[in-house]
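Undergrad: So I've got this file, coords_17.txt, and it contains compact mmCIF, C-alpha atoms and all ligand atoms:
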# COMPACT_ATOMS: atom_id res chain seq x y z
CA MET A 4 19.22 -3.03 2.44
CA SER A 5 16.08 -3.32 4.51
CA LEU A 6 12.92 -1.32 4.10
CA PRO A 7 12.51 1.87 6.05
CA ALA A 8 11.39 0.46 9.37
CA LYS A 9 7.97 1.93 9.93
CA ALA A 10 6.70 2.67 6.46
CA ALA A 11 2.97 2.91 7.11
CA PRO A 12 1.00 1.33 4.28
CA ARG A 13 -0.03 3.91 1.71
CA VAL A 14 -1.78 3.08 -1.54
CA PHE A 15 -1.13 4.98 -4.76
CA SER A 16 -2.47 4.33 -8.23
CA GLY A 17 -2.96 6.22 -11.45
CA MET A 18 -5.23 6.07 -14.48
CA GLN A 19 -4.84 7.68 -17.86
CA PRO A 20 -7.45 10.19 -19.02
CA THR A 21 -7.57 8.77 -22.51
CA GLY A 22 -10.28 6.86 -24.30
CA ASN A 23 -13.61 5.89 -22.89
CA LEU A 24 -13.78 3.77 -19.79
CA HIS A 25 -15.19 0.30 -20.26
CA LEU A 26 -16.22 -2.69 -18.20
CA GLY A 27 -12.60 -3.91 -18.06
CA ASN A 28 -11.52 -0.68 -16.35
CA TYR A 29 -14.51 -0.79 -14.05
CA LEU A 30 -14.11 -4.38 -12.83
CA GLY A 31 -10.31 -4.44 -13.10
CA ALA A 32 -9.49 -1.15 -11.42
CA MET A 33 -12.31 1.05 -10.21
CA VAL A 34 -14.14 -1.51 -8.10
CA ARG A 35 -10.88 -2.63 -6.50
CA TRP A 36 -9.83 0.89 -5.70
CA VAL A 37 -13.16 1.58 -4.07
CA GLU A 38 -12.64 -1.52 -1.90
CA MET A 39 -9.14 -0.46 -0.90
CA GLN A 40 -10.18 2.97 0.30
CA ALA A 41 -12.16 1.32 3.12
CA SER A 42 -9.02 -0.11 4.68
CA HIS A 43 -6.11 2.06 3.45
CA GLU A 44 -4.93 5.59 3.03
CA CYS A 45 -5.33 5.99 -0.73
CA ILE A 46 -4.06 8.49 -3.28
CA PHE A 47 -5.55 8.19 -6.77
CA CYS A 48 -4.24 10.24 -9.63
CA VAL A 49 -5.47 11.06 -13.12
CA VAL A 50 -2.17 10.98 -15.00
CA ASP A 51 -2.56 13.77 -17.53
CA MET A 52 1.22 14.14 -17.88
CA HIS A 53 1.50 10.51 -18.92
CA ALA A 54 -1.32 11.06 -21.41
CA ILE A 55 0.66 13.60 -23.45
CA THR A 56 3.48 11.12 -24.10
CA VAL A 57 1.39 10.65 -27.23
CA TRP A 58 -0.28 13.74 -28.65
CA GLN A 59 -3.67 14.69 -27.20
CA ASP A 60 -6.08 17.29 -28.37
CA PRO A 61 -6.14 19.87 -25.51
CA GLU A 62 -9.94 20.10 -25.33
CA ASP A 63 -10.22 16.31 -25.33
CA LEU A 64 -7.60 16.03 -22.60
CA ARG A 65 -9.55 18.45 -20.40
CA SER A 66 -12.86 16.69 -20.93
CA GLN A 67 -11.35 13.21 -20.52
CA THR A 68 -9.69 14.26 -17.28
CA ARG A 69 -13.08 15.36 -15.96
CA ALA A 70 -14.80 12.25 -17.32
CA VAL A 71 -12.37 9.85 -15.65
CA THR A 72 -12.65 11.77 -12.39
CA ALA A 73 -16.45 11.63 -12.58
CA ALA A 74 -16.36 7.90 -13.36
CA TYR A 75 -14.25 7.14 -10.31
CA ILE A 76 -16.43 9.21 -8.02
CA ALA A 77 -19.57 7.64 -9.52
CA SER A 78 -18.12 4.18 -8.81
CA GLY A 79 -17.66 5.02 -5.17
CA ILE A 80 -14.34 6.81 -4.69
CA ASP A 81 -15.01 9.27 -1.90
CA PRO A 82 -12.98 12.40 -2.62
CA LYS A 83 -13.26 13.51 0.99
CA ARG A 84 -11.63 10.42 2.40
CA THR A 85 -9.36 9.61 -0.53
CA ILE A 86 -7.06 12.04 -2.31
CA LEU A 87 -8.20 12.29 -5.93
CA PHE A 88 -6.35 14.71 -8.21
CA ASN A 89 -4.73 15.24 -11.57
CA GLN A 90 -0.98 14.78 -11.85
CA SER A 91 -0.05 18.08 -13.53
CA GLN A 92 -1.32 20.11 -10.55
CA VAL A 93 1.35 18.62 -8.31
CA HIS A 94 4.68 19.71 -9.80
CA GLU A 95 6.60 17.55 -7.31
CA HIS A 96 5.92 14.56 -9.62
CA ALA A 97 7.81 16.20 -12.49
CA GLU A 98 10.68 17.30 -10.28
CA LEU A 99 11.22 13.86 -8.78
CA ALA A 100 10.87 12.33 -12.25
CA TRP A 101 13.87 14.38 -13.38
CA ILE A 102 15.96 13.07 -10.52
CA PHE A 103 14.83 9.54 -11.42
CA ASN A 104 15.82 10.15 -15.05
CA CYS A 105 19.30 10.42 -13.61
CA VAL A 106 18.98 7.29 -11.44
CA ALA A 107 17.41 4.88 -13.96
CA ARG A 108 19.73 3.34 -16.57
CA LEU A 109 19.17 3.27 -20.32
CA GLY A 110 19.51 -0.48 -20.19
CA TRP A 111 16.57 -0.73 -17.80
CA LEU A 112 14.26 1.34 -19.97
CA ASN A 113 15.34 -0.52 -23.09
CA ARG A 114 13.75 -3.64 -21.63
CA MET A 115 10.28 -2.10 -21.20
CA THR A 116 7.87 -4.07 -23.35
CA GLN A 117 5.14 -1.42 -23.23
CA PHE A 118 7.43 1.15 -24.86
CA LYS A 119 8.25 -1.30 -27.62
CA GLU A 120 4.56 -1.96 -28.20
CA LYS A 121 3.49 1.67 -28.10
CA ALA A 122 6.39 3.01 -30.14
CA GLY A 123 5.88 0.32 -32.76
CA LYS A 124 8.15 0.18 -35.75
CA ASP A 125 8.81 3.89 -35.99
CA ARG A 126 10.75 4.11 -32.74
CA GLU A 127 12.84 7.08 -33.89
CA ASN A 128 9.66 9.11 -34.00
CA ALA A 129 8.39 8.24 -30.50
CA SER A 130 8.49 11.05 -27.94
CA VAL A 131 11.25 11.09 -25.34
CA GLY A 132 8.40 11.27 -22.82
CA LEU A 133 7.06 7.91 -23.96
CA TYR A 134 10.49 6.41 -23.36
CA ALA A 135 10.89 8.01 -19.92
CA TYR A 136 7.25 7.21 -18.99
CA PRO A 137 8.19 4.56 -16.39
CA ASN A 138 10.46 7.02 -14.55
CA LEU A 139 7.56 9.44 -14.15
CA MET A 140 5.41 6.55 -12.96
CA ALA A 141 8.05 5.69 -10.34
CA ALA A 142 8.03 9.34 -9.26
CA ASP A 143 4.21 9.32 -8.99
CA ILE A 144 4.43 6.51 -6.47
CA LEU A 145 7.57 7.40 -4.59
CA VAL A 146 6.91 11.11 -4.15
CA TYR A 147 4.39 9.89 -1.55
CA ARG A 148 6.63 7.03 -0.40
CA ALA A 149 3.67 4.82 -1.26
CA THR A 150 4.01 1.15 -0.35
CA HIS A 151 1.21 -0.54 -2.31
CA VAL A 152 0.20 -0.03 -5.90
CA PRO A 153 -2.90 -1.68 -7.33
CA VAL A 154 -2.22 -2.28 -11.01
CA GLY A 155 -3.20 -4.59 -13.83
CA ASP A 156 -0.89 -7.27 -15.14
CA ASP A 157 0.41 -5.03 -17.91
CA GLN A 158 1.96 -2.61 -15.40
CA LYS A 159 3.96 -5.20 -13.44
CA GLN A 160 7.16 -4.50 -15.34
CA HIS A 161 6.86 -0.76 -14.72
CA LEU A 162 6.42 -1.42 -11.03
CA GLU A 163 9.52 -3.59 -10.94
CA LEU A 164 11.37 -0.68 -12.48
CA ALA A 165 10.03 1.61 -9.73
CA ARG A 166 11.43 -0.81 -7.17
CA ASP A 167 14.79 -0.83 -8.94
CA ILE A 168 14.84 2.96 -8.95
CA ALA A 169 13.94 3.12 -5.24
CA GLN A 170 16.65 0.58 -4.45
CA LYS A 171 19.32 2.31 -6.52
CA PHE A 172 18.48 5.70 -5.03
CA ASN A 173 18.74 4.20 -1.54
CA ASN A 174 22.14 2.71 -2.46
CA ASP A 175 23.57 5.64 -4.41
CA TYR A 176 22.77 8.07 -1.61
CA ALA A 177 23.29 5.69 1.32
CA LYS A 178 25.89 7.90 2.99
CA ALA A 179 23.85 11.13 2.75
CA LEU A 180 20.74 9.22 3.80
CA GLY A 181 22.52 7.80 6.84
CA ALA A 182 23.58 11.30 7.88
CA ALA A 183 20.02 12.57 7.32
CA GLY A 184 18.57 9.91 9.64
CA PHE A 185 17.59 7.26 7.09
CA PRO A 186 20.13 4.46 7.66
CA ASP A 187 17.74 1.90 6.14
CA GLY A 188 17.05 3.82 2.97
CA PHE A 189 14.55 6.53 2.14
CA PHE A 190 12.18 5.03 -0.37
CA PRO A 191 10.13 1.91 0.35
CA LEU A 192 10.14 -0.71 -2.41
CA PRO A 193 6.54 -0.38 -3.59
CA GLU A 194 4.62 -3.61 -3.97
CA PRO A 195 2.20 -4.34 -6.76
CA VAL A 196 -1.25 -5.36 -5.66
CA ILE A 197 -2.17 -7.38 -8.70
CA MET A 198 -5.89 -7.25 -9.02
CA GLY A 199 -7.81 -10.51 -8.94
CA PRO A 200 -9.11 -12.78 -11.69
CA ALA A 201 -11.59 -10.14 -12.86
CA THR A 202 -8.63 -7.95 -13.85
CA ARG A 203 -8.66 -9.52 -17.24
CA VAL A 204 -11.98 -8.79 -18.83
CA MET A 205 -11.70 -10.00 -22.40
CA SER A 206 -13.24 -8.77 -25.64
CA LEU A 207 -16.84 -9.85 -26.23
CA ARG A 208 -15.88 -10.70 -29.81
CA ASP A 209 -12.71 -12.68 -29.06
CA GLY A 210 -12.16 -14.30 -25.67
CA THR A 211 -8.39 -14.38 -26.17
CA LYS A 212 -7.98 -10.60 -26.48
CA LYS A 213 -8.27 -8.07 -23.67
CA MET A 214 -11.31 -5.76 -23.70
CA SER A 215 -9.82 -2.57 -25.07
CA LYS A 216 -10.78 1.01 -25.80
CA SER A 217 -8.81 0.81 -29.03
CA ASP A 218 -10.58 -2.24 -30.52
CA ALA A 219 -12.15 -1.25 -33.85
CA SER A 220 -15.43 -2.96 -32.98
CA ASP A 221 -17.58 -1.22 -30.37
CA LEU A 222 -19.38 -4.54 -29.91
CA SER A 223 -16.20 -5.89 -28.32
CA ARG A 224 -16.63 -3.82 -25.17
CA ILE A 225 -19.21 -2.46 -22.76
CA ASN A 226 -18.53 1.23 -22.24
CA MET A 227 -19.36 2.86 -18.94
CA THR A 228 -21.48 5.30 -20.93
CA ASP A 229 -23.57 2.58 -22.65
CA ASP A 230 -27.27 2.64 -21.82
CA ALA A 231 -29.30 -0.45 -20.95
CA ASP A 232 -30.21 -1.16 -24.59
CA ALA A 233 -26.61 -1.01 -25.75
CA ILE A 234 -25.47 -3.26 -22.89
CA ALA A 235 -28.21 -5.78 -23.73
CA LYS A 236 -27.37 -5.76 -27.43
CA LYS A 237 -23.66 -6.27 -26.87
CA ILE A 238 -24.15 -9.14 -24.45
CA GLN A 239 -26.72 -10.79 -26.77
CA LYS A 240 -24.23 -10.55 -29.61
CA ALA A 241 -21.23 -11.67 -27.57
CA LYS A 242 -19.39 -14.57 -29.13
CA THR A 243 -20.00 -17.97 -27.54
CA ASP A 244 -19.61 -21.61 -28.45
CA PRO A 245 -22.36 -24.19 -29.06
CA GLU A 246 -22.01 -26.10 -25.76
CA PRO A 247 -24.04 -25.37 -22.62
CA LEU A 248 -22.14 -23.98 -19.61
CA PRO A 249 -20.03 -26.56 -17.76
CA SER A 250 -20.67 -27.16 -14.09
CA GLU A 251 -16.96 -27.06 -13.13
CA VAL A 252 -14.41 -24.29 -13.67
CA ALA A 253 -12.07 -26.82 -15.33
CA GLY A 254 -14.63 -27.10 -18.11
CA LEU A 255 -13.94 -23.48 -19.08
CA GLU A 256 -10.27 -24.03 -19.82
CA THR A 257 -10.49 -24.41 -23.57
CA ARG A 258 -13.52 -22.13 -23.93
CA PRO A 259 -12.24 -18.53 -23.74
CA GLU A 260 -15.57 -16.86 -24.56
CA ALA A 261 -17.52 -18.92 -22.02
CA ASP A 262 -14.77 -18.31 -19.48
CA ASN A 263 -14.95 -14.55 -20.08
CA LEU A 264 -18.73 -14.29 -19.67
CA VAL A 265 -18.68 -16.40 -16.51
CA GLY A 266 -15.80 -14.27 -15.19
CA ILE A 267 -17.69 -11.06 -15.91
CA TYR A 268 -20.78 -12.43 -14.19
CA ALA A 269 -18.76 -13.43 -11.12
CA ALA A 270 -17.02 -10.06 -10.93
CA LEU A 271 -20.27 -8.10 -11.31
CA GLU A 272 -21.89 -10.22 -8.63
CA GLY A 273 -18.84 -10.11 -6.36
CA SER A 274 -18.70 -13.92 -6.28
CA THR A 275 -16.51 -16.53 -7.98
CA LYS A 276 -16.67 -18.54 -11.20
CA GLU A 277 -17.29 -21.64 -9.08
CA ALA A 278 -20.36 -20.02 -7.53
CA VAL A 279 -21.66 -18.87 -10.92
CA LEU A 280 -21.31 -22.36 -12.37
CA ARG A 281 -22.96 -23.90 -9.35
CA GLN A 282 -25.96 -21.76 -10.21
CA HIS A 283 -25.81 -21.77 -14.03
CA GLY A 284 -23.89 -24.96 -14.94
CA GLY A 285 -25.73 -26.82 -17.71
CA ALA A 286 -27.56 -23.68 -18.88
CA GLN A 287 -27.69 -22.63 -22.52
CA PHE A 288 -26.07 -19.33 -23.37
CA SER A 289 -29.40 -17.78 -24.33
CA GLY A 290 -30.64 -18.08 -20.74
CA PHE A 291 -27.32 -17.22 -19.13
CA LYS A 292 -26.99 -14.10 -21.26
CA LYS A 293 -30.40 -12.88 -20.12
CA ALA A 294 -29.29 -13.16 -16.50
CA LEU A 295 -26.01 -11.45 -17.36
CA VAL A 296 -27.77 -8.53 -19.06
CA GLU A 297 -29.95 -7.99 -15.99
CA LEU A 298 -26.97 -8.08 -13.66
CA ALA A 299 -24.81 -5.84 -15.86
CA VAL A 300 -27.52 -3.23 -16.30
CA SER A 301 -28.30 -3.20 -12.58
CA ARG A 302 -24.64 -2.57 -11.75
CA ILE A 303 -23.68 -0.16 -14.51
CA ALA A 304 -26.79 1.98 -15.00
CA PRO A 305 -26.55 3.73 -11.61
CA VAL A 306 -22.85 4.47 -12.12
CA ASN A 307 -23.69 5.79 -15.53
CA ALA A 308 -26.43 8.06 -14.23
CA GLU A 309 -24.26 9.44 -11.43
CA MET A 310 -21.41 10.06 -13.87
CA SER A 311 -23.70 12.09 -16.14
CA ARG A 312 -24.97 14.07 -13.19
CA LEU A 313 -21.42 14.93 -12.11
CA LEU A 314 -20.37 15.87 -15.63
CA GLY A 315 -23.23 18.36 -15.67
CA ASP A 316 -21.24 20.45 -13.20
CA PRO A 317 -17.64 20.61 -14.48
CA ALA A 318 -16.73 23.42 -12.06
CA GLU A 319 -17.47 21.08 -9.16
CA ILE A 320 -15.16 18.42 -10.64
CA ASP A 321 -12.42 21.01 -11.07
CA ARG A 322 -12.90 22.06 -7.48
CA ILE A 323 -12.56 18.45 -6.28
CA LEU A 324 -9.34 18.01 -8.30
CA ALA A 325 -7.91 21.28 -6.98
CA ASP A 326 -8.68 20.24 -3.42
CA GLY A 327 -7.12 16.80 -3.97
CA SER A 328 -4.05 18.42 -5.49
CA LYS A 329 -3.61 20.65 -2.48
CA ARG A 330 -3.76 17.68 -0.13
CA ALA A 331 -1.42 15.66 -2.36
CA ARG A 332 1.10 18.50 -2.42
CA ALA A 333 1.03 18.69 1.38
CA ILE A 334 2.40 15.12 1.44
CA ALA A 335 4.70 15.32 -1.56
CA ALA A 336 6.43 18.66 -0.90
CA PRO A 337 8.26 17.71 2.32
CA ILE A 338 9.30 14.37 0.80
CA LEU A 339 10.72 16.11 -2.26
CA ASP A 340 12.53 18.61 -0.02
CA GLN A 341 14.25 15.75 1.78
CA VAL A 342 15.24 14.22 -1.55
CA LYS A 343 16.68 17.55 -2.74
CA ASP A 344 18.76 17.84 0.42
CA VAL A 345 20.04 14.29 0.08
CA VAL A 346 20.96 14.80 -3.58
CA GLY A 347 22.83 17.99 -2.72
CA PHE A 348 20.57 20.67 -4.17
CA LEU A 349 20.68 24.00 -2.35
CA ARG A 350 17.31 25.42 -1.45
CA GLY A 351 16.39 28.62 0.33
N1 LIG B 401 0.87 3.44 -16.37
C1 LIG B 401 -0.38 3.25 -15.70
C2 LIG B 401 -1.38 2.68 -16.72
O1 LIG B 401 -1.31 2.96 -17.90
C3 LIG B 401 -0.93 4.53 -15.16
C4 LIG B 401 -0.05 5.05 -14.08
C5 LIG B 401 0.71 6.17 -14.12
C6 LIG B 401 0.13 4.47 -12.79
N2 LIG B 401 1.37 6.35 -12.93
C7 LIG B 401 1.04 5.34 -12.11
C8 LIG B 401 -0.37 3.32 -12.17
C9 LIG B 401 1.45 5.04 -10.81
C10 LIG B 401 0.05 3.05 -10.88
C11 LIG B 401 0.96 3.90 -10.20
O2 LIG B 401 -2.29 1.97 -16.32
Spell out the structure here as structure tokens.
Ligand code: TRP
TA:
Amino acid sequence: MSLPAKAAPRVFSGMQPTGNLHLGNYLGAMVRWVEMQASHECIFCVVDMHAITVWQDPEDLRSQTRAVTAAYIASGIDPKRTILFNQSQVHEHAELAWIFNCVARLGWLNRMTQFKEKAGKDRENASVGLYAYPNLMAADILVYRATHVPVGDDQKQHLELARDIAQKFNNDYAKALGAAGFPDGFFPLPEPVIMGPATRVMSLRDGTKKMSKSDASDLSRINMTDDADAIAKKIQKAKTDPEPLPSEVAGLETRPEADNLVGIYAALEGSTKEAVLRQHGGAQFSGFKKALVELAVSRIAPVNAEMSRLLGDPAEIDRILADGSKRARAIAAPILDQVKDVVGFLRG
């Protein structure tokens, strides 16, 4: 079955309002999203309904939802141009997710590696929501008939599932869809936009592990809320090896910590590892780290300051989210209505 003929490109992505944002989120997601909004219609969603698949303190959930929203705006998401909202204010997501619960197969969800990781050994005690998480994610995307989804590597499998759901819905309801004027299917098969090499920012303490909000050591990550002194300290203490920097990228292959710092430098500068090594090849880490501190502080401090300013006015953030939700609903509601008709639900 072919794609709906004239599916105009539409970008959708979501971020969880849990844990503090760090440099990995900033370089891997936020900066890329900001770039995409220049050329695409974008819908960005703070996925508070996904967050409660594991228990969240209600006050924390509220403040994290505002903090993530502020961080994205501070990084350059323009809430006038782009739709920025929190998931739970657009009930169409939940409604479509239920229909998708009835389209997706147990066998498909049983293959999801993220569920296995998150549920751990005590699978019997995981929430049903955690299990059905990928169906809600598919609904997030498809309730807007979005075509492109910027995600990190770890979400590729969930996106494949979203494609499978879209495809199966198009097949299962082919006859009703044909009669309703969609002979080529209703849902596009959304494509992952896997974000570039900077997607994988690794721990400053171990170049083989991803930078993570859950790492026990705060020295392993640069938080978006770190001030200049904290950023400097963490980079100074970052693990390295005894050799000077190589002058070719190939020389980084067996040196995960060096590779990570060069990658971070390139991403912050908006250049490439090749370019960084052309400039710093042969340098000792002490000198390179000084340059990296300067660059990191110059990029992160303004975002940090703007984020604090925004968080000083929570009512304004709530107003932005309410406005985004209204605009999101204006797109989602008619799409959900068409789905309800196709499925055979009566509506007044
Ligand atoms: N699961 C994504 C993550 O943890 C967040 C997410 C929820 C998402 N819904 C989405 C991402 C829809 C892209 C599209 O990163």
Undergrad: Write out, as CSV, each residue of chain A that has an atom at most 6 Å from ligand LIG 401 (chain B), together with the closest pair of atoms and their distance in Å to one decimal, counting all atoms listed in the file, rows going by chain and rising number.
TA:
residue,atom,partner,partner_atom,distance
A:Phe15,CA,B:LIG401,C11,5.9
A:Ser16,CA,B:LIG401,C10,3.9
A:Gly17,CA,B:LIG401,C6,3.8
A:Met18,CA,B:LIG401,C3,4.6
A:Gln19,CA,B:LIG401,C3,5.7
A:Val50,CA,B:LIG401,C5,5.7
A:Met140,CA,B:LIG401,N2,4.0
A:Asp143,CA,B:LIG401,C9,5.4
A:Ile144,CA,B:LIG401,C9,5.5
A:Val152,CA,B:LIG401,C10,5.9
A:Val154,CA,B:LIG401,C10,5.8
Undergrad: Given the choices A:Gln239, A:Thr68, A:Thr257, A:Gln287, which gets closest to A:Ile225 if the distance is worked out from all atoms listed in the file?
TA: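 That would be A:Gln239, the residue with the smallest distance to A:Ile225.
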Undergrad: Find the residue from A:Lys213, A:Asp229, A:Ser289, A:Tyr29 that sits nearest to A:Glu246; use all atoms listed in the file when measuring.
TA: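 Using all atoms listed in the file, A:Glu246 sits closest to A:Ser289.
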Undergrad: Using all atoms listed in the file, which protein or nucleic acid residues come within 8 Å of stretch 313-320 of chain A? Drop anything in the same chain fewer than 2 positions from it, and give the result as JSON, numbers by chain.
TA: {"A": [69, 70, 72, 73, 77, 309, 310, 311, 322, 323, 324]}
Undergrad: Give me, as a PyMOL selection string, all polymer residues having an atom no more than 7 Å from stretch 163-169 of chain A, counting all atoms listed in the file and skipping those fewer than 2 positions away in the same chain.
TA: chain A and resi 106-107+141+159-161+171-173+190-193
Undergrad: Take the selection from the previous step and output its residues with C-alpha atoms, as a PDB file, in the coordinates of the input.
TA:
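So the final result, stored in part_31.pdb, reads:
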ATOM      1  CA  VAL A 106      18.980   7.290 -11.440  1.00  0.00           C
ATOM      2  CA  ALA A 107      17.410   4.880 -13.960  1.00  0.00           C
ATOM      3  CA  ALA A 141       8.050   5.690 -10.340  1.00  0.00           C
ATOM      4  CA  LYS A 159       3.960  -5.200 -13.440  1.00  0.00           C
ATOM      5  CA  GLN A 160       7.160  -4.500 -15.340  1.00  0.00           C
ATOM      6  CA  HIS A 161       6.860  -0.760 -14.720  1.00  0.00           C
ATOM      7  CA  LYS A 171      19.320   2.310  -6.520  1.00  0.00           C
ATOM      8  CA  PHE A 172      18.480   5.700  -5.030  1.00  0.00           C
ATOM      9  CA  ASN A 173      18.740   4.200  -1.540  1.00  0.00           C
ATOM     10  CA  PHE A 190      12.180   5.030  -0.370  1.00  0.00           C
ATOM     11  CA  PRO A 191      10.130   1.910   0.350  1.00  0.00           C
ATOM     12  CA  LEU A 192      10.140  -0.710  -2.410  1.00  0.00           C
ATOM     13  CA  PRO A 193       6.540  -0.380  -3.590  1.00  0.00           C
TER      14      PRO A 193
END
Undergrad: Measuring atom to atom with all atoms listed in the file, identify which of A:Ala129, A:Ala142, A:His151, A:Leu248 is nearest to A:Gly290.
TA: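 Between A:Ala129, A:Ala142, A:His151, A:Leu248, the residue approaching A:Gly290 most closely is A:Leu248.
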Undergrad: Please compute the atom CA of A:Met115-atom CA of A:Val146 distance, one decimal, in Å.
TA: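 Computed distance, atom CA of A:Met115 to atom CA of A:Val146, equals 21.8 Å.
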Undergrad: Under the rule that all atoms listed in the file are counted, which of A:Ala286, A:Gly327, A:Glu277, A:Lys343 is the nearest residue to A:Val49?
TA: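 Closest to A:Val49 of all the choices is A:Gly327.
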Undergrad: Counting only C-alpha atoms, write as a PyMOL selection string all protein and nucleic acid residues lying at most 9 Å from (4.0, 13.2, -2.3) in the file's frame.
TA: chain A and resi 93+95-96+142-149+331-339
Undergrad: Measure the distance from atom CA of A:Lys292 to atom CA of A:Ile238 in Å and round it to one decimal.
TA: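 So the answer is 6.5 Å.
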Undergrad: In terms of the shortest atom-to-atom distance over all atoms listed in the file, which of A:Leu207, A:Val342, A:Val57, A:Ala219 is closest to A:Gly266?
TA: A:Leu207
Undergrad: Rounded to one decimal in Å, what is the spacing between atom CA of A:Arg65 and atom CA of A:Pro20?
TA: 8.6 Å
Undergrad: With a distance cut-off of 9 Å and all atoms listed in the file, select the neighbouring residues of A:Gly22, excluding the residue or stretch itself and same-chain residues fewer than 4 positions from it, and output the selection as a list in words.
TA: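 The contact residues come out as Gln67, Lys216 and Ser217 of chain A.
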Undergrad: Applying 10 Å and all atoms listed in the file, which residues near A:Ala183 remain after dropping the ones on its own chain fewer than 4 positions away? List them as a ChimeraX atom specification.
TA: /A:177-179,189,341,344-345
